[in-house]
Structures are given as C-alpha cells and as structure tokens.
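**Student:** This is query_39.txt, which holds compact mmCIF, N, CA and C atoms:
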```txt
# COMPACT_ATOMS: atom_id res chain seq x y z
N MET N 111 22.54 -53.20 -8.84
CA MET N 111 23.12 -52.11 -8.10
C MET N 111 23.59 -51.03 -9.08
N THR N 112 23.30 -49.79 -8.78
CA THR N 112 23.68 -48.68 -9.64
C THR N 112 25.11 -48.24 -9.35
N GLU N 113 25.88 -48.03 -10.41
CA GLU N 113 27.24 -47.53 -10.24
C GLU N 113 27.20 -46.06 -9.89
N SER N 114 28.15 -45.62 -9.09
CA SER N 114 28.26 -44.21 -8.76
C SER N 114 29.68 -43.75 -9.02
N ILE N 115 29.90 -42.46 -8.88
CA ILE N 115 31.25 -41.94 -9.09
C ILE N 115 32.23 -42.50 -8.08
N HIS N 116 31.70 -42.99 -6.95
CA HIS N 116 32.56 -43.55 -5.91
C HIS N 116 33.10 -44.92 -6.29
N ASP N 117 32.46 -45.58 -7.26
CA ASP N 117 32.89 -46.91 -7.67
C ASP N 117 34.08 -46.88 -8.62
N LYS N 118 34.29 -45.76 -9.30
CA LYS N 118 35.36 -45.65 -10.29
C LYS N 118 36.09 -44.32 -10.11
N PRO N 119 36.90 -44.20 -9.05
CA PRO N 119 37.54 -42.90 -8.80
C PRO N 119 38.50 -42.45 -9.90
N ASN N 120 39.23 -43.37 -10.53
CA ASN N 120 40.15 -42.98 -11.60
C ASN N 120 39.40 -42.40 -12.80
N GLU N 121 38.31 -43.05 -13.15
CA GLU N 121 37.50 -42.57 -14.27
C GLU N 121 36.90 -41.21 -13.95
N THR N 122 36.42 -41.06 -12.74
CA THR N 122 35.83 -39.79 -12.32
C THR N 122 36.87 -38.68 -12.33
N MET N 123 38.06 -38.97 -11.83
CA MET N 123 39.13 -37.96 -11.82
C MET N 123 39.45 -37.52 -13.24
N GLY N 124 39.52 -38.47 -14.16
CA GLY N 124 39.79 -38.13 -15.56
C GLY N 124 38.73 -37.21 -16.14
N LYS N 125 37.48 -37.47 -15.80
CA LYS N 125 36.39 -36.63 -16.30
C LYS N 125 36.46 -35.22 -15.72
N LEU N 126 36.82 -35.11 -14.45
CA LEU N 126 36.94 -33.79 -13.83
C LEU N 126 38.11 -33.01 -14.45
N ILE N 127 39.21 -33.68 -14.72
CA ILE N 127 40.34 -33.02 -15.37
C ILE N 127 39.94 -32.54 -16.76
N GLU N 128 39.25 -33.38 -17.52
CA GLU N 128 38.77 -32.98 -18.84
C GLU N 128 37.85 -31.77 -18.76
N THR N 129 37.01 -31.73 -17.74
CA THR N 129 36.09 -30.61 -17.55
C THR N 129 36.86 -29.32 -17.31
N LEU N 130 37.87 -29.36 -16.46
CA LEU N 130 38.67 -28.16 -16.21
C LEU N 130 39.45 -27.73 -17.45
N LYS N 131 39.86 -28.70 -18.26
CA LYS N 131 40.61 -28.37 -19.47
C LYS N 131 39.74 -27.68 -20.52
N MET N 132 38.43 -27.79 -20.39
CA MET N 132 37.56 -27.06 -21.32
C MET N 132 37.73 -25.56 -21.14
N ALA N 133 37.88 -25.11 -19.92
CA ALA N 133 38.05 -23.69 -19.64
C ALA N 133 39.52 -23.28 -19.62
N THR N 134 40.38 -24.22 -19.20
CA THR N 134 41.81 -23.94 -19.08
C THR N 134 42.57 -25.08 -19.76
N PRO N 135 42.78 -24.98 -21.07
CA PRO N 135 43.40 -26.09 -21.82
C PRO N 135 44.76 -26.55 -21.28
N GLU N 136 45.50 -25.65 -20.63
CA GLU N 136 46.83 -25.99 -20.12
C GLU N 136 46.79 -26.64 -18.74
N PHE N 137 45.59 -26.83 -18.19
CA PHE N 137 45.46 -27.37 -16.83
C PHE N 137 46.04 -28.76 -16.71
N SER N 138 46.73 -28.99 -15.60
CA SER N 138 47.14 -30.33 -15.19
C SER N 138 47.25 -30.31 -13.67
N LEU N 139 47.30 -31.46 -13.07
CA LEU N 139 47.39 -31.52 -11.62
C LEU N 139 48.71 -30.93 -11.13
N SER N 140 49.74 -30.99 -11.94
CA SER N 140 51.04 -30.48 -11.51
C SER N 140 51.14 -28.95 -11.60
N ASN N 141 50.25 -28.31 -12.36
CA ASN N 141 50.35 -26.86 -12.48
C ASN N 141 49.05 -26.14 -12.09
N TYR N 142 48.23 -26.77 -11.28
CA TYR N 142 46.93 -26.18 -10.94
C TYR N 142 47.05 -24.83 -10.24
N LYS N 143 48.16 -24.57 -9.56
CA LYS N 143 48.33 -23.30 -8.85
C LYS N 143 48.60 -22.13 -9.80
N SER N 144 48.82 -22.40 -11.04
CA SER N 144 49.18 -21.37 -12.02
C SER N 144 47.99 -20.59 -12.56
N PHE N 145 46.78 -20.97 -12.20
CA PHE N 145 45.59 -20.39 -12.80
C PHE N 145 44.64 -19.81 -11.76
N LEU N 146 43.77 -18.93 -12.22
CA LEU N 146 42.68 -18.42 -11.39
C LEU N 146 41.42 -19.17 -11.78
N TYR N 147 40.57 -19.45 -10.79
CA TYR N 147 39.38 -20.26 -11.03
C TYR N 147 38.12 -19.54 -10.58
N ASN N 148 37.02 -19.82 -11.28
CA ASN N 148 35.73 -19.30 -10.84
C ASN N 148 35.16 -20.26 -9.80
N SER N 149 34.00 -19.94 -9.26
CA SER N 149 33.45 -20.73 -8.16
C SER N 149 33.14 -22.17 -8.56
N ILE N 150 32.68 -22.38 -9.78
CA ILE N 150 32.38 -23.75 -10.24
C ILE N 150 33.67 -24.55 -10.38
N GLU N 151 34.69 -23.93 -10.94
CA GLU N 151 35.97 -24.62 -11.10
C GLU N 151 36.59 -24.96 -9.75
N LEU N 152 36.42 -24.06 -8.77
CA LEU N 152 36.91 -24.35 -7.42
C LEU N 152 36.19 -25.56 -6.84
N ARG N 153 34.92 -25.65 -7.10
CA ARG N 153 34.14 -26.80 -6.62
C ARG N 153 34.64 -28.09 -7.25
N ILE N 154 34.98 -28.03 -8.53
CA ILE N 154 35.54 -29.20 -9.22
C ILE N 154 36.86 -29.58 -8.58
N LEU N 155 37.71 -28.60 -8.29
CA LEU N 155 38.99 -28.88 -7.63
C LEU N 155 38.79 -29.52 -6.26
N MET N 156 37.81 -29.05 -5.52
CA MET N 156 37.52 -29.65 -4.21
C MET N 156 37.08 -31.09 -4.36
N ASN N 157 36.27 -31.37 -5.38
CA ASN N 157 35.86 -32.76 -5.63
C ASN N 157 37.06 -33.62 -5.99
N MET N 158 38.01 -33.04 -6.72
CA MET N 158 39.21 -33.78 -7.09
C MET N 158 40.01 -34.14 -5.84
N ILE N 159 40.05 -33.25 -4.86
CA ILE N 159 40.75 -33.54 -3.60
C ILE N 159 40.09 -34.71 -2.90
N LEU N 160 38.76 -34.71 -2.85
CA LEU N 160 38.04 -35.80 -2.19
C LEU N 160 38.30 -37.14 -2.89
N ILE N 161 38.32 -37.11 -4.20
CA ILE N 161 38.57 -38.35 -4.96
C ILE N 161 40.01 -38.83 -4.75
N THR N 162 40.96 -37.88 -4.69
CA THR N 162 42.36 -38.24 -4.44
C THR N 162 42.48 -38.93 -3.09
N GLU N 163 41.81 -38.39 -2.08
CA GLU N 163 41.84 -39.02 -0.76
C GLU N 163 41.24 -40.42 -0.81
N LYS N 164 40.16 -40.58 -1.56
CA LYS N 164 39.53 -41.90 -1.69
C LYS N 164 40.47 -42.88 -2.38
N MET N 165 41.15 -42.43 -3.43
CA MET N 165 42.08 -43.31 -4.14
C MET N 165 43.24 -43.71 -3.24
N GLU N 166 43.73 -42.79 -2.42
CA GLU N 166 44.82 -43.11 -1.50
C GLU N 166 44.37 -44.12 -0.45
N THR N 167 43.14 -43.99 0.01
CA THR N 167 42.58 -44.94 0.99
C THR N 167 42.47 -46.33 0.37
N ILE N 168 42.02 -46.39 -0.88
CA ILE N 168 41.87 -47.68 -1.58
C ILE N 168 43.25 -48.34 -1.74
N GLU N 169 44.27 -47.53 -2.09
CA GLU N 169 45.61 -48.07 -2.28
C GLU N 169 46.19 -48.63 -0.98
N LYS N 170 45.85 -48.01 0.15
CA LYS N 170 46.37 -48.47 1.45
C LYS N 170 45.75 -49.79 1.88
N ASN N 171 44.55 -50.06 1.41
CA ASN N 171 43.85 -51.30 1.84
C ASN N 171 44.19 -52.47 0.99
```
Mind turning the file's structure into structure tokens?
**Tutor:**
Amino acid sequence: MTESIHDKPNETMGKLIETLKMATPEFSLSNYKSFLYNSIELRILMNMILITEKMETIEKN
C-alpha cells in the first residue's frame, strides 16, 4: 500500500509550514494573520486547514 499525505498529517503539516517559511521566514501558525500571501501560499494555508481538521478528527476517535 502506498503512503499518502493523509497517512501522516503531522509530518505533512510540518512540511507545509517549512514551505511557507521559505517565502516568509517569520511565519508561524500563531501569527499567520500578520502577512500577505500570494495565490499559491493561500492554497497552502487552505491545505493546512484541511489537515488541521483531519488531525482533530483523529484525536476525537
């Protein structure tokens, strides 16, 4: 069976944060509202929201 990003949400979230830090070194989840983002970065943020929801669902089960 092939692993996907859905199998390791914590690892995926870390990679997305690292990706955003390439363009915005000061980025963190606690200060994300402090910056302006281009369309690709917004897409990354949306993916982060989906992963956060998945992690919360996993924690509830």
**Student:** Taking 5 positions as the minimum chain separation for residues in the same chain, which residues sit within 12 Å of Lys118 (chain N) when counting only C-alpha atoms? Answer as a PyMOL selection string.
**Tutor:** chain N and resi 113+123-125+161-162+164-165+168
**Student:** Enumerate as a PyMOL selection string all residues of chain N assigned to alpha helix (DSSP H) by DSSP on the backbone, naming them with the chain letters and numbers the document uses.
**Tutor:** chain N and resi 119-133+149-170
**Student:** Pick out the residues sitting within 8 Å of region 126-130 of chain N, and hand them over as number ranges by chain; count all atoms listed in the file, and ignore anything fewer than 4 positions along from it in its own chain.
**Tutor:** N: 120-122, 134-139, 151, 154-155, 157-158
**Student:** Generate a file of the selected residues that holds N, CA and C atoms, formatted as a PDB file, in the coordinates of the input.
**Tutor:**
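Printed below is out-v1.pdb as written:
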```pdb
ATOM      1  N   ASN N 120      39.230 -43.370 -10.530  1.00  0.00           N
ATOM      2  CA  ASN N 120      40.150 -42.980 -11.600  1.00  0.00           C
ATOM      3  C   ASN N 120      39.400 -42.400 -12.800  1.00  0.00           C
ATOM      4  N   GLU N 121      38.310 -43.050 -13.150  1.00  0.00           N
ATOM      5  CA  GLU N 121      37.500 -42.570 -14.270  1.00  0.00           C
ATOM      6  C   GLU N 121      36.900 -41.210 -13.950  1.00  0.00           C
ATOM      7  N   THR N 122      36.420 -41.060 -12.740  1.00  0.00           N
ATOM      8  CA  THR N 122      35.830 -39.790 -12.320  1.00  0.00           C
ATOM      9  C   THR N 122      36.870 -38.680 -12.330  1.00  0.00           C
ATOM     10  N   THR N 134      40.380 -24.220 -19.200  1.00  0.00           N
ATOM     11  CA  THR N 134      41.810 -23.940 -19.080  1.00  0.00           C
ATOM     12  C   THR N 134      42.570 -25.080 -19.760  1.00  0.00           C
ATOM     13  N   PRO N 135      42.780 -24.980 -21.070  1.00  0.00           N
ATOM     14  CA  PRO N 135      43.400 -26.090 -21.820  1.00  0.00           C
ATOM     15  C   PRO N 135      44.760 -26.550 -21.280  1.00  0.00           C
ATOM     16  N   GLU N 136      45.500 -25.650 -20.630  1.00  0.00           N
ATOM     17  CA  GLU N 136      46.830 -25.990 -20.120  1.00  0.00           C
ATOM     18  C   GLU N 136      46.790 -26.640 -18.740  1.00  0.00           C
ATOM     19  N   PHE N 137      45.590 -26.830 -18.190  1.00  0.00           N
ATOM     20  CA  PHE N 137      45.460 -27.370 -16.830  1.00  0.00           C
ATOM     21  C   PHE N 137      46.040 -28.760 -16.710  1.00  0.00           C
ATOM     22  N   SER N 138      46.730 -28.990 -15.600  1.00  0.00           N
ATOM     23  CA  SER N 138      47.140 -30.330 -15.190  1.00  0.00           C
ATOM     24  C   SER N 138      47.250 -30.310 -13.670  1.00  0.00           C
ATOM     25  N   LEU N 139      47.300 -31.460 -13.070  1.00  0.00           N
ATOM     26  CA  LEU N 139      47.390 -31.520 -11.620  1.00  0.00           C
ATOM     27  C   LEU N 139      48.710 -30.930 -11.130  1.00  0.00           C
ATOM     28  N   GLU N 151      34.690 -23.930 -10.940  1.00  0.00           N
ATOM     29  CA  GLU N 151      35.970 -24.620 -11.100  1.00  0.00           C
ATOM     30  C   GLU N 151      36.590 -24.960  -9.750  1.00  0.00           C
ATOM     31  N   ILE N 154      34.980 -28.030  -8.530  1.00  0.00           N
ATOM     32  CA  ILE N 154      35.540 -29.200  -9.220  1.00  0.00           C
ATOM     33  C   ILE N 154      36.860 -29.580  -8.580  1.00  0.00           C
ATOM     34  N   LEU N 155      37.710 -28.600  -8.290  1.00  0.00           N
ATOM     35  CA  LEU N 155      38.990 -28.880  -7.630  1.00  0.00           C
ATOM     36  C   LEU N 155      38.790 -29.520  -6.260  1.00  0.00           C
ATOM     37  N   ASN N 157      36.270 -31.370  -5.380  1.00  0.00           N
ATOM     38  CA  ASN N 157      35.860 -32.760  -5.630  1.00  0.00           C
ATOM     39  C   ASN N 157      37.060 -33.620  -5.990  1.00  0.00           C
ATOM     40  N   MET N 158      38.010 -33.040  -6.720  1.00  0.00           N
ATOM     41  CA  MET N 158      39.210 -33.780  -7.090  1.00  0.00           C
ATOM     42  C   MET N 158      40.010 -34.140  -5.840  1.00  0.00           C
TER      43      MET N 158
END
```
**Student:** What does the distance between atom N of Tyr142 (chain N) and atom C of Pro119 (chain N) come to in Å, to one decimal place?
**Tutor:**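 Atom N of Tyr142 (chain N) sits 18.5 Å away from atom C of Pro119 (chain N).
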**Student:** One decimal, in Å: what's the spacing between atom C of Ala133 (chain N) and atom C of Asn148 (chain N)?
**Tutor:**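 That distance, rounded to one decimal, is 11.2 Å.
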**Student:** Report, in Å with one decimal, the straight-line distance from CA of Arg153 (chain N) to atom C of Met132 (chain N).
**Tutor:**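 These two atoms are separated by 15.0 Å.
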**Student:** Would you compute, for all listed atoms of region 132-150 of chain N, the axis-aligned bounding box grown by 4 Å on each side, and then report its centre and edge lengths in Å rounded to one decimal, as AutoDock Vina command-line options?
**Tutor:**
```
--center_x 41.8 --center_y -25.0 --center_z -15.0 --size_x 26.8 --size_y 21.1 --size_z 21.7
```
